[in-house]
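Enquirer: Take a look at my_file29.txt, compact mmCIF, C-alpha atoms:
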# COMPACT_ATOMS: atom_id res chain seq x y z
CA SER A 274 -54.84 -29.82 -188.97
CA TYR A 275 -56.02 -32.03 -191.73
CA SER A 276 -56.87 -32.10 -195.42
CA VAL A 277 -60.37 -32.51 -196.76
CA PHE A 278 -60.67 -33.80 -200.33
CA TYR A 279 -63.76 -33.17 -202.45
CA TYR A 280 -63.77 -35.42 -205.52
CA LEU A 281 -65.00 -33.51 -208.56
CA SER A 282 -64.36 -36.27 -211.12
CA ASP A 283 -62.32 -39.45 -211.55
CA SER A 284 -59.20 -37.38 -212.22
CA THR A 285 -59.70 -34.18 -210.17
CA CYS A 286 -60.35 -33.27 -206.56
CA LYS A 287 -60.38 -30.07 -204.50
CA GLU A 288 -58.20 -29.95 -201.37
CA ILE A 289 -59.05 -27.75 -198.39
CA ILE A 290 -56.66 -27.69 -195.40
CA GLU A 291 -58.10 -26.69 -192.03
CA ALA A 292 -56.22 -25.99 -188.81
CA ARG A 293 -58.53 -26.26 -185.81
CA THR A 294 -58.12 -26.02 -182.04
CA GLU A 295 -58.84 -29.05 -179.86
CA ASP A 296 -62.33 -27.55 -179.38
CA GLY A 297 -62.87 -27.57 -183.14
CA GLU A 298 -62.52 -23.81 -183.63
CA LEU A 299 -61.11 -22.92 -187.06
CA VAL A 300 -57.73 -21.12 -186.74
CA TRP A 301 -56.83 -20.93 -190.45
CA SER A 302 -57.71 -22.65 -193.68
CA LEU A 303 -56.21 -22.92 -197.13
CA ASP A 304 -57.90 -23.74 -200.40
CA ASN A 305 -55.25 -25.75 -202.25
CA GLY A 306 -57.39 -25.65 -205.38
CA ASN A 307 -58.20 -28.40 -207.83
CA VAL A 308 -55.51 -31.05 -207.97
CA PRO A 309 -55.13 -34.44 -209.70
CA THR A 310 -56.71 -37.23 -207.66
CA HIS A 311 -53.29 -38.75 -206.86
CA ILE A 312 -52.44 -35.63 -204.82
CA GLY A 313 -52.87 -36.50 -201.14
CA LEU A 314 -53.36 -40.17 -201.90
CA ILE A 315 -50.07 -41.46 -203.33
CA GLY A 316 -46.67 -39.86 -203.07
CA VAL A 317 -47.73 -36.45 -201.86
CA ILE A 318 -47.37 -34.88 -198.43
CA SER A 319 -50.27 -33.18 -196.67
CA GLN A 320 -50.00 -33.62 -192.92
CA GLN A 321 -49.39 -32.04 -189.54
CA VAL A 322 -46.02 -32.80 -187.95
CA GLY A 323 -45.77 -31.35 -184.44
CA ASN A 324 -46.33 -27.58 -184.65
CA TYR A 325 -45.99 -27.55 -188.44
CA TYR A 326 -48.07 -28.44 -191.48
CA LEU A 327 -46.33 -29.95 -194.51
CA LEU A 328 -48.03 -29.61 -197.88
CA SER A 329 -46.96 -30.64 -201.36
CA THR A 330 -47.35 -27.90 -203.96
CA GLU A 331 -46.13 -27.40 -207.52
CA ASN A 332 -43.06 -25.61 -206.05
CA GLY A 333 -42.13 -28.39 -203.60
CA VAL A 334 -43.21 -29.06 -200.03
CA GLU A 335 -44.27 -26.06 -197.97
CA CYS A 336 -43.69 -26.04 -194.24
CA ARG A 337 -46.35 -23.88 -192.54
CA ASP A 338 -46.65 -22.67 -188.97
CA ILE A 339 -49.63 -24.57 -187.54
CA GLN A 340 -50.76 -21.54 -185.50
CA THR A 341 -50.77 -18.97 -188.30
CA GLY A 342 -50.65 -20.88 -191.58
CA LYS A 343 -47.62 -18.77 -192.61
CA VAL A 344 -45.18 -20.49 -195.01
CA LEU A 345 -41.84 -20.88 -193.22
CA TRP A 346 -39.95 -22.54 -196.09
CA THR A 347 -40.42 -24.51 -199.30
CA ASN A 348 -38.14 -27.34 -200.31
CA GLU A 349 -38.16 -30.65 -202.19
CA PHE A 350 -38.58 -34.10 -200.67
CA LYS A 351 -37.52 -37.19 -202.60
CA GLU A 352 -40.46 -38.61 -204.50
CA ALA A 353 -41.91 -41.77 -202.96
CA VAL A 354 -45.20 -43.65 -202.91
CA LEU A 355 -45.50 -43.35 -199.11
CA HIS A 356 -44.12 -40.78 -196.67
CA PHE A 357 -44.01 -41.40 -192.90
CA ILE A 358 -42.78 -38.10 -191.45
CA VAL A 359 -42.07 -37.47 -187.78
CA GLU A 360 -40.29 -34.70 -185.89
CA VAL A 361 -37.23 -35.91 -183.99
CA ASN A 362 -35.18 -33.37 -182.03
CA GLY A 363 -35.66 -30.46 -184.45
CA LYS A 364 -35.43 -32.62 -187.57
CA LEU A 365 -38.01 -33.98 -189.98
CA VAL A 366 -37.40 -37.70 -190.45
CA ASP A 367 -39.18 -39.09 -193.53
CA CYS A 368 -39.17 -42.86 -193.91
CA GLN A 369 -40.22 -43.35 -197.52
CA GLY A 370 -41.63 -46.67 -198.69
CA GLU A 371 -42.00 -47.86 -202.26
CA ASN A 372 -42.26 -51.36 -203.74
CA GLY A 373 -40.56 -53.14 -200.83
CA SER A 374 -37.67 -50.67 -200.58
CA THR A 375 -37.35 -48.06 -197.85
CA ALA A 376 -35.47 -44.76 -198.09
CA LEU A 377 -34.74 -42.34 -195.25
CA GLU A 378 -34.58 -38.56 -195.70
CA VAL A 379 -33.76 -36.22 -192.80
CA LYS A 380 -34.31 -32.46 -193.06
CA ASP A 381 -33.54 -29.52 -190.80
CA LEU A 382 -36.93 -28.43 -189.47
CA THR A 383 -36.10 -24.70 -189.50
CA THR A 384 -34.73 -24.51 -193.08
CA GLY A 385 -35.97 -27.59 -194.92
CA LYS A 386 -32.43 -28.45 -196.04
CA THR A 387 -31.63 -32.14 -196.43
CA LEU A 388 -29.16 -33.32 -193.78
CA PHE A 389 -29.14 -37.04 -194.66
CA TYR A 390 -30.49 -39.30 -197.39
CA GLU A 391 -30.17 -43.07 -197.68
CA GLU A 392 -31.77 -44.64 -200.73
CA ASP A 393 -31.97 -48.21 -199.38
CA MET A 394 -32.43 -48.68 -195.63
CA ASN A 395 -33.16 -52.37 -196.20
CA ARG A 396 -29.50 -53.02 -197.04
CA PHE A 397 -28.69 -52.48 -193.34
CA ILE A 398 -30.87 -55.43 -192.26
CA PRO A 399 -28.58 -58.30 -191.19
CA ASN A 400 -29.12 -61.72 -192.82
CA ASN A 401 -31.58 -60.37 -195.38
CA GLU A 402 -30.17 -62.24 -198.38
CA ASP A 403 -33.65 -63.43 -199.37
CA GLY A 404 -34.86 -59.79 -199.39
CA TYR A 405 -38.11 -60.62 -197.59
CA SER A 406 -37.47 -58.29 -194.65
CA TYR A 407 -38.04 -54.55 -194.83
CA VAL A 408 -38.03 -51.44 -192.64
CA ASP A 409 -41.64 -50.46 -191.81
CA GLY A 410 -41.82 -46.65 -191.75
CA SER A 411 -45.23 -46.69 -190.07
CA LYS A 412 -44.01 -48.55 -186.97
CA TYR A 413 -41.50 -46.58 -184.92
CA VAL A 414 -40.52 -45.40 -181.44
CA VAL A 415 -38.91 -42.00 -180.75
CA LYS A 416 -36.65 -41.55 -177.71
CA GLY A 417 -34.79 -38.22 -177.51
CA SER A 418 -32.82 -37.78 -180.73
CA THR A 419 -33.22 -41.42 -181.82
CA ILE A 420 -35.92 -43.07 -183.91
CA THR A 421 -36.21 -46.86 -184.11
CA TYR A 422 -38.21 -48.58 -186.87
CA ASP A 423 -39.53 -52.13 -186.85
CA VAL A 424 -38.09 -54.60 -189.36
CA ILE A 425 -40.84 -56.81 -190.74
CA ASN A 426 -40.53 -60.19 -192.52
CA ASP A 427 -43.11 -60.67 -195.28
CA MET A 428 -42.60 -64.44 -195.47
CA ASN A 429 -43.69 -64.77 -191.83
CA GLU A 430 -47.02 -62.99 -192.37
CA GLU A 431 -45.50 -59.59 -191.57
CA VAL A 432 -43.90 -60.57 -188.26
CA LYS A 433 -41.47 -58.18 -186.55
CA VAL A 434 -37.98 -59.66 -186.75
CA GLY A 435 -35.86 -56.75 -185.51
CA THR A 436 -35.31 -53.00 -185.54
CA ILE A 437 -33.27 -50.33 -187.34
CA THR A 438 -32.26 -47.16 -185.46
CA TYR A 439 -31.35 -43.69 -186.73
CA SER A 440 -29.95 -40.99 -184.45
Go ahead and render the structure in this file as structure tokens.
Expert:
Amino acid sequence: SYSVFYYLSDSTCKEIIEARTEDGELVWSLDNGNVPTHIGLIGVISQQVGNYYLLSTENGVECRDIQTGKVLWTNEFKEAVLHFIVEVNGKLVDCQGENGSTALEVKDLTTGKTLFYEEDMNRFIPNNEDGYSYVDGSKYVVKGSTITYDVINDMNEEVKVGTITYS
């Protein structure tokens, strides 16, 4: 599944979501209507995660069954500039990045209820008094019920200097 954005003006675009088989056959589609251009670009969720499709709407984030397009639940995610969402052992793990800080929000996949929220993951980085190191939500490894993120140091041209693990 993926979103297709059609830009109608500098401030408005139309979003169409299409779920297709590996052969390209259309299974279901959704016209999300005309939305501000920041929708889908900054701070908004529109992506497939495993067998589910997550989509920001005016009522919160919808979780849809990827096979049918049926809405399973709607709930709020914390607002962030970037969302890196992955399924880990029946949970949605959202590493949220914004202006050098990294938050972590974990939701129950079946209900959308928040199980855990940490506003500043970077505070768990040892010896980070200078504040140049940060958790990179886009670089991770999942093993069983554990997700491990890379810790990057900006002063060393974005070199990996360690890891942070959530389980």
Enquirer: Any chance you could work out the axis-aligned box around stretch 390-405 of chain A, listed atoms only, 6 Å on each side, giving centre and edge lengths in Å to one decimal, as JSON?
Expert:
{"center_x": -33.3, "center_y": -51.4, "center_z": -196.0, "size_x": 21.5, "size_y": 36.1, "size_z": 21.5}
Enquirer: Find the spatial neighbours of A:Asn324, counting all atoms listed in the file, within a cut-off of 10 Å - ignore same-chain residues fewer than 5 positions away - and output them as a PDB file with C-alpha atoms, keeping the file's coordinate frame.
Expert:
ATOM      1  CA  SER A 274     -54.840 -29.820-188.970  1.00  0.00           C
ATOM      2  CA  ARG A 337     -46.350 -23.880-192.540  1.00  0.00           C
ATOM      3  CA  ASP A 338     -46.650 -22.670-188.970  1.00  0.00           C
ATOM      4  CA  ILE A 339     -49.630 -24.570-187.540  1.00  0.00           C
ATOM      5  CA  GLN A 340     -50.760 -21.540-185.500  1.00  0.00           C
ATOM      6  CA  GLU A 360     -40.290 -34.700-185.890  1.00  0.00           C
TER       7      GLU A 360
END
Enquirer: So that I can see what lies close to stretch 408-414 of chain A, please list as JSON, numbers by chain the residues with an atom at most 12 Å from it, counting all atoms listed in the file and leaving out residues fewer than 2 positions away in the same chain.
Expert: {"A": [355, 356, 357, 358, 359, 360, 361, 366, 367, 368, 369, 370, 371, 372, 373, 374, 375, 376, 377, 378, 393, 394, 395, 396, 397, 398, 399, 401, 404, 405, 406, 416, 417, 418, 419, 420, 421, 422, 423, 424, 425, 426, 427, 431, 432, 433, 434, 435, 436, 437, 438, 439, 440]}
Enquirer: List as JSON, numbers by chain the protein and nucleic acid residues near A:Asp304, meaning an atom at most 8 Å away when all atoms listed in the file are counted, but skip any in the same chain fewer than 6 places from it.
Expert: {"A": [287, 288, 289, 290]}
Enquirer: Restrict the selected residues to C-alpha atoms and save them as a compact mmCIF listing (two decimals), keeping the file's coordinate frame.
Expert:
# COMPACT_ATOMS: atom_id res chain seq x y z
CA LYS A 287 -60.38 -30.07 -204.50
CA GLU A 288 -58.20 -29.95 -201.37
CA ILE A 289 -59.05 -27.75 -198.39
CA ILE A 290 -56.66 -27.69 -195.40
Enquirer: Do you know which residues are at most 7 Å from A:Trp301 counting all atoms listed in the file, after dropping those on the same chain fewer than 5 positions away, and could you put them as a PyMOL selection string?
Expert: chain A and resi 291-292+341-342
Enquirer: Is it possible to add N, CA, C and O atoms to stretch 317-337 of chain A and hand it back as a PDB file, in the coordinates of the input?
Expert:
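Output (part_24.pdb):
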ATOM      1  N   VAL A 317     -47.690 -37.865-202.143  1.00  0.00           N
ATOM      2  CA  VAL A 317     -47.730 -36.450-201.860  1.00  0.00           C
ATOM      3  C   VAL A 317     -47.922 -36.235-200.368  1.00  0.00           C
ATOM      4  O   VAL A 317     -48.554 -37.026-199.688  1.00  0.00           O
ATOM      5  N   ILE A 318     -47.347 -35.157-199.864  1.00  0.00           N
ATOM      6  CA  ILE A 318     -47.370 -34.880-198.430  1.00  0.00           C
ATOM      7  C   ILE A 318     -48.430 -33.839-198.132  1.00  0.00           C
ATOM      8  O   ILE A 318     -48.486 -32.787-198.758  1.00  0.00           O
ATOM      9  N   SER A 319     -49.273 -34.122-197.159  1.00  0.00           N
ATOM     10  CA  SER A 319     -50.270 -33.180-196.670  1.00  0.00           C
ATOM     11  C   SER A 319     -50.609 -33.618-195.257  1.00  0.00           C
ATOM     12  O   SER A 319     -51.532 -34.396-195.034  1.00  0.00           O
ATOM     13  N   GLN A 320     -49.805 -33.144-194.275  1.00  0.00           N
ATOM     14  CA  GLN A 320     -50.000 -33.620-192.920  1.00  0.00           C
ATOM     15  C   GLN A 320     -49.395 -32.685-191.879  1.00  0.00           C
ATOM     16  O   GLN A 320     -48.491 -31.922-192.171  1.00  0.00           O
ATOM     17  N   GLN A 321     -49.946 -32.771-190.669  1.00  0.00           N
ATOM     18  CA  GLN A 321     -49.390 -32.040-189.540  1.00  0.00           C
ATOM     19  C   GLN A 321     -48.262 -32.861-188.933  1.00  0.00           C
ATOM     20  O   GLN A 321     -48.377 -34.070-188.761  1.00  0.00           O
ATOM     21  N   VAL A 322     -47.146 -32.185-188.640  1.00  0.00           N
ATOM     22  CA  VAL A 322     -46.020 -32.800-187.950  1.00  0.00           C
ATOM     23  C   VAL A 322     -45.655 -31.856-186.807  1.00  0.00           C
ATOM     24  O   VAL A 322     -45.090 -30.779-187.047  1.00  0.00           O
ATOM     25  N   GLY A 323     -46.019 -32.223-185.584  1.00  0.00           N
ATOM     26  CA  GLY A 323     -45.770 -31.350-184.440  1.00  0.00           C
ATOM     27  C   GLY A 323     -46.478 -30.023-184.602  1.00  0.00           C
ATOM     28  O   GLY A 323     -47.688 -29.984-184.842  1.00  0.00           O
ATOM     29  N   ASN A 324     -45.751 -28.919-184.525  1.00  0.00           N
ATOM     30  CA  ASN A 324     -46.330 -27.580-184.650  1.00  0.00           C
ATOM     31  C   ASN A 324     -46.287 -27.053-186.078  1.00  0.00           C
ATOM     32  O   ASN A 324     -46.377 -25.846-186.296  1.00  0.00           O
ATOM     33  N   TYR A 325     -46.144 -27.946-187.056  1.00  0.00           N
ATOM     34  CA  TYR A 325     -45.990 -27.550-188.440  1.00  0.00           C
ATOM     35  C   TYR A 325     -46.963 -28.324-189.319  1.00  0.00           C
ATOM     36  O   TYR A 325     -47.418 -29.400-188.966  1.00  0.00           O
ATOM     37  N   TYR A 326     -47.256 -27.744-190.481  1.00  0.00           N
ATOM     38  CA  TYR A 326     -48.070 -28.440-191.480  1.00  0.00           C
ATOM     39  C   TYR A 326     -47.250 -28.521-192.759  1.00  0.00           C
ATOM     40  O   TYR A 326     -46.765 -27.504-193.254  1.00  0.00           O
ATOM     41  N   LEU A 327     -47.082 -29.717-193.281  1.00  0.00           N
ATOM     42  CA  LEU A 327     -46.330 -29.950-194.510  1.00  0.00           C
ATOM     43  C   LEU A 327     -47.311 -30.208-195.645  1.00  0.00           C
ATOM     44  O   LEU A 327     -48.234 -31.014-195.500  1.00  0.00           O
ATOM     45  N   LEU A 328     -47.090 -29.526-196.764  1.00  0.00           N
ATOM     46  CA  LEU A 328     -48.030 -29.610-197.880  1.00  0.00           C
ATOM     47  C   LEU A 328     -47.280 -29.594-199.200  1.00  0.00           C
ATOM     48  O   LEU A 328     -46.519 -28.672-199.484  1.00  0.00           O
ATOM     49  N   SER A 329     -47.526 -30.617-200.025  1.00  0.00           N
ATOM     50  CA  SER A 329     -46.960 -30.640-201.360  1.00  0.00           C
ATOM     51  C   SER A 329     -47.645 -29.607-202.237  1.00  0.00           C
ATOM     52  O   SER A 329     -48.867 -29.487-202.230  1.00  0.00           O
ATOM     53  N   THR A 330     -46.832 -28.857-202.987  1.00  0.00           N
ATOM     54  CA  THR A 330     -47.350 -27.900-203.960  1.00  0.00           C
ATOM     55  C   THR A 330     -46.551 -28.080-205.243  1.00  0.00           C
ATOM     56  O   THR A 330     -45.624 -28.888-205.298  1.00  0.00           O
ATOM     57  N   GLU A 331     -46.879 -27.315-206.264  1.00  0.00           N
ATOM     58  CA  GLU A 331     -46.130 -27.400-207.520  1.00  0.00           C
ATOM     59  C   GLU A 331     -44.690 -26.938-207.337  1.00  0.00           C
ATOM     60  O   GLU A 331     -43.810 -27.285-208.113  1.00  0.00           O
ATOM     61  N   ASN A 332     -44.405 -26.136-206.292  1.00  0.00           N
ATOM     62  CA  ASN A 332     -43.060 -25.610-206.050  1.00  0.00           C
ATOM     63  C   ASN A 332     -42.241 -26.461-205.084  1.00  0.00           C
ATOM     64  O   ASN A 332     -41.123 -26.100-204.751  1.00  0.00           O
ATOM     65  N   GLY A 333     -42.801 -27.558-204.596  1.00  0.00           N
ATOM     66  CA  GLY A 333     -42.130 -28.390-203.600  1.00  0.00           C
ATOM     67  C   GLY A 333     -43.019 -28.561-202.393  1.00  0.00           C
ATOM     68  O   GLY A 333     -44.232 -28.376-202.476  1.00  0.00           O
ATOM     69  N   VAL A 334     -42.433 -28.879-201.258  1.00  0.00           N
ATOM     70  CA  VAL A 334     -43.210 -29.060-200.030  1.00  0.00           C
ATOM     71  C   VAL A 334     -43.088 -27.800-199.184  1.00  0.00           C
ATOM     72  O   VAL A 334     -41.991 -27.356-198.871  1.00  0.00           O
ATOM     73  N   GLU A 335     -44.243 -27.235-198.854  1.00  0.00           N
ATOM     74  CA  GLU A 335     -44.270 -26.060-197.970  1.00  0.00           C
ATOM     75  C   GLU A 335     -44.331 -26.522-196.533  1.00  0.00           C
ATOM     76  O   GLU A 335     -45.058 -27.459-196.208  1.00  0.00           O
ATOM     77  N   CYS A 336     -43.593 -25.828-195.676  1.00  0.00           N
ATOM     78  CA  CYS A 336     -43.690 -26.040-194.240  1.00  0.00           C
ATOM     79  C   CYS A 336     -44.388 -24.796-193.685  1.00  0.00           C
ATOM     80  O   CYS A 336     -43.884 -23.682-193.823  1.00  0.00           O
ATOM     81  N   ARG A 337     -45.554 -24.987-193.072  1.00  0.00           N
ATOM     82  CA  ARG A 337     -46.350 -23.880-192.540  1.00  0.00           C
ATOM     83  C   ARG A 337     -46.401 -23.937-191.024  1.00  0.00           C
ATOM     84  O   ARG A 337     -46.430 -25.015-190.442  1.00  0.00           O
TER      85      ARG A 337
END
